[in-house]
Amino acid sequence: MEQKTKIDAEEGRQELVITRKFDLPLELVFKAFADPEIIEQWMGTKVIKLESKKHGSYQFETTDPKGNVHRFSGVIHAFIPNQKITRTFEMENTPFGVQLEVTEFEKLSEDTSKITTHSIYESVAQRDQMLRLPFTQGINWAHNRLQEILSKLK
Amino acid sequence: MNLRRDVFQAIADPTRRAILLLVASQSLTAGAIASNFDTARPTVSKHLQILTECELIKQEQNGREIYYHLNPKKMKEIADFIEPFRKMWDDRFNKLETIMKKYKSK
């Protein structure tokens with residue numbers, strides 16, 4: 001079966017591409033990237049600030065199981081409804097630098113759509129470190145939450 | 001410097017990736033592998049040496065010939081390296097899908 005979420009990270013390059021097909025109309029997928037309350041639910045972060053417009057900026061915050069607070073922030077360069085979001089992304093107080101993220105939204109049919117996120121890192125080493133991060137964290141928090149939800153459904 | 005033993009360094013080279021694809025389907029001798037490339041035989045030998053050193057391929061003596069075959073365990077290590085990251089995003093996006101399906105039916 002084809003994977004719904006794909007990561008394309010060519011060796012020796014400082015970028016990666018994430019693609020995902022959704023069984024949702026384009027407008028609903030875009031809304032999930034624009035509405036702070038919805039972002040909080042699926043990203044599992046607190047949205048401190050989100051100005052979805054050119055020259056806008058955002059700040060997200062997560063608390064890990066040990067109670068440590070992590071901040072993510074960036075600046076929005078393009079916000080074109082149902083088409084494209086271009087922004088920078090930074091995990092504050094980490095050595096991972098700043099990434100440029102270009103997410104394009106594409107309609108496949110009335111009820112299906114696709115997003116493609118192109119992330120560019122400062123260096124190959126930074127990208128590879130970032131890719132290894134979920135390893136370092138062990139089972140990641142998002143996964144834990146998903147498990148919780150799934151177990152409730154059973 | 002011992003970069004050579006890094007599997008990621010090993011698969012960074014297109015010829016080495018092509019060799020991995022070749023030996024993935026069947027065990028081959030160095031000569032049979034080299035016949036698939038325009039590069040000089042010693043160059044292919046060097047690639048085979050690097051791939052062997054980082055255990056992506058394994059040698060097997062069969063009579064007088066040495067055959068090379070893929071080491072699936074090591075290949076899986078490479079695939080696994082990116083899998084947790086993919087899984088993290090897959091989980092997030094699955095969640096997005098669930099949330100928005102409910103949102104739609106509201």
# chains A, B, ... in the order shown; residues from 1 in each chain; ligands from 1
>>> interface_residues(of="chain B", to="chain A", cutoff="6 Å", atoms="only C-alpha atoms", output="list of chain:residue names")
B:Ala12, B:Pro84, B:Phe85, B:Asp90, B:Arg92, B:Lys95, B:Leu96
>>> residues_around(residues="Thr39 of chain B", least_positions_apart="5", cutoff="10 Å", atoms="only C-alpha atoms", output="number ranges by chain")
B: 15, 34, 44
>>> select_by_dssp(residues="chain B", states="strand (DSSP E or B)", output="ChimeraX atom specification")
/B:28-29,57-62,65-70
>>> write_last_selection(atoms="N, CA and C atoms", output="compact mmCIF listing (two decimals), in the first residue's frame")
# COMPACT_ATOMS: atom_id res chain seq x y z
N LEU B 28 25.88 -11.49 -7.03
CA LEU B 28 26.68 -11.32 -8.24
C LEU B 28 28.17 -11.30 -7.91
N THR B 29 28.97 -11.69 -8.89
CA THR B 29 30.43 -11.59 -8.72
C THR B 29 30.84 -10.14 -9.02
N ILE B 57 26.71 -4.65 1.95
CA ILE B 57 26.72 -5.89 1.18
C ILE B 57 27.64 -6.89 1.87
N LYS B 58 27.41 -8.16 1.57
CA LYS B 58 28.22 -9.21 2.18
C LYS B 58 28.83 -10.09 1.10
N GLN B 59 30.04 -10.58 1.40
CA GLN B 59 30.70 -11.48 0.47
C GLN B 59 30.40 -12.92 0.83
N GLU B 60 30.34 -13.76 -0.21
CA GLU B 60 30.09 -15.16 0.02
C GLU B 60 30.94 -15.97 -0.96
N GLN B 61 31.73 -16.87 -0.44
CA GLN B 61 32.57 -17.69 -1.30
C GLN B 61 31.73 -18.82 -1.88
N ASN B 62 31.77 -18.93 -3.19
CA ASN B 62 31.03 -20.02 -3.84
C ASN B 62 31.97 -20.65 -4.85
N GLU B 65 34.65 -18.51 -6.88
CA GLU B 65 34.14 -17.14 -7.05
C GLU B 65 33.65 -16.53 -5.73
N ILE B 66 33.80 -15.20 -5.65
CA ILE B 66 33.22 -14.49 -4.51
C ILE B 66 31.97 -13.77 -5.01
N TYR B 67 30.87 -14.03 -4.36
CA TYR B 67 29.61 -13.39 -4.72
C TYR B 67 29.26 -12.31 -3.70
N TYR B 68 28.68 -11.25 -4.20
CA TYR B 68 28.23 -10.17 -3.32
C TYR B 68 26.71 -10.19 -3.23
N HIS B 69 26.21 -10.04 -2.05
CA HIS B 69 24.75 -9.92 -1.90
C HIS B 69 24.40 -8.85 -0.87
N LEU B 70 23.19 -8.38 -0.98
CA LEU B 70 22.72 -7.30 -0.11
C LEU B 70 22.57 -7.79 1.33
>>> atom_distance(atom1="atom CA of Phe37 of chain B", atom2="atom CA of Ile19 of chain B")
9.3 Å
>>> select_by_dssp(residues="segment 26-71 of chain B", states="alpha helix (DSSP H)", output="ChimeraX atom specification")
/B:30-34,41-53
>>> closest_residue(among="A:Ile85, A:Leu26, A:Met91, A:Ala34", to="His118 of chain A", atoms="only C-alpha atoms")
A:Ile85
>>> atom_distance(atom1="atom CA of Leu16 of chain A", atom2="atom CA of Ser119 of chain A")
5.4 Å
>>> atom_distance(atom1="atom CA of Leu48 of chain B", atom2="atom CA of Gln129 of chain A")
27.8 Å
>>> closest_residue(among="A:Glu27, A:Glu2, A:Glu104, A:Glu37", to="Lys49 of chain A", atoms="only C-alpha atoms")
A:Glu37
>>> residues_around(residues="Leu56 of chain B", least_positions_apart="6", cutoff="8 Å", atoms="only C-alpha atoms", output="list in words")
Val7, Leu20, Leu70, Asn71, Pro72, Lys74 and Met75 of chain B
>>> write_last_selection(atoms="C-alpha atoms", output="compact mmCIF listing (two decimals), in the first residue's frame")
# COMPACT_ATOMS: atom_id res chain seq x y z
CA VAL B 7 26.43 3.99 5.86
CA LEU B 20 22.97 -1.95 -4.14
CA LEU B 70 22.72 -7.30 -0.11
CA ASN B 71 22.64 -7.24 3.67
CA PRO B 72 18.95 -6.53 4.29
CA LYS B 74 21.81 -3.01 7.35
CA MET B 75 19.52 -1.64 4.64
>>> residues_around(residues="Val47 of chain A", least_positions_apart="4", cutoff="8 Å", atoms="only C-alpha atoms", output="PyMOL selection string")
chain A and resi 36-37+39-40+58-61
>>> residues_around(residues="Gly56 of chain A", least_positions_apart="5", cutoff="6 Å", atoms="only C-alpha atoms", output="MDAnalysis selection string")
chainID A and resid 51 75:76
>>> residues_around(residues="Glu92 of chain A", least_positions_apart="2", cutoff="8 Å", atoms="only C-alpha atoms", output="list in words")
His70, Arg71, Phe72, Ser73, Glu90 and Thr94 of chain A
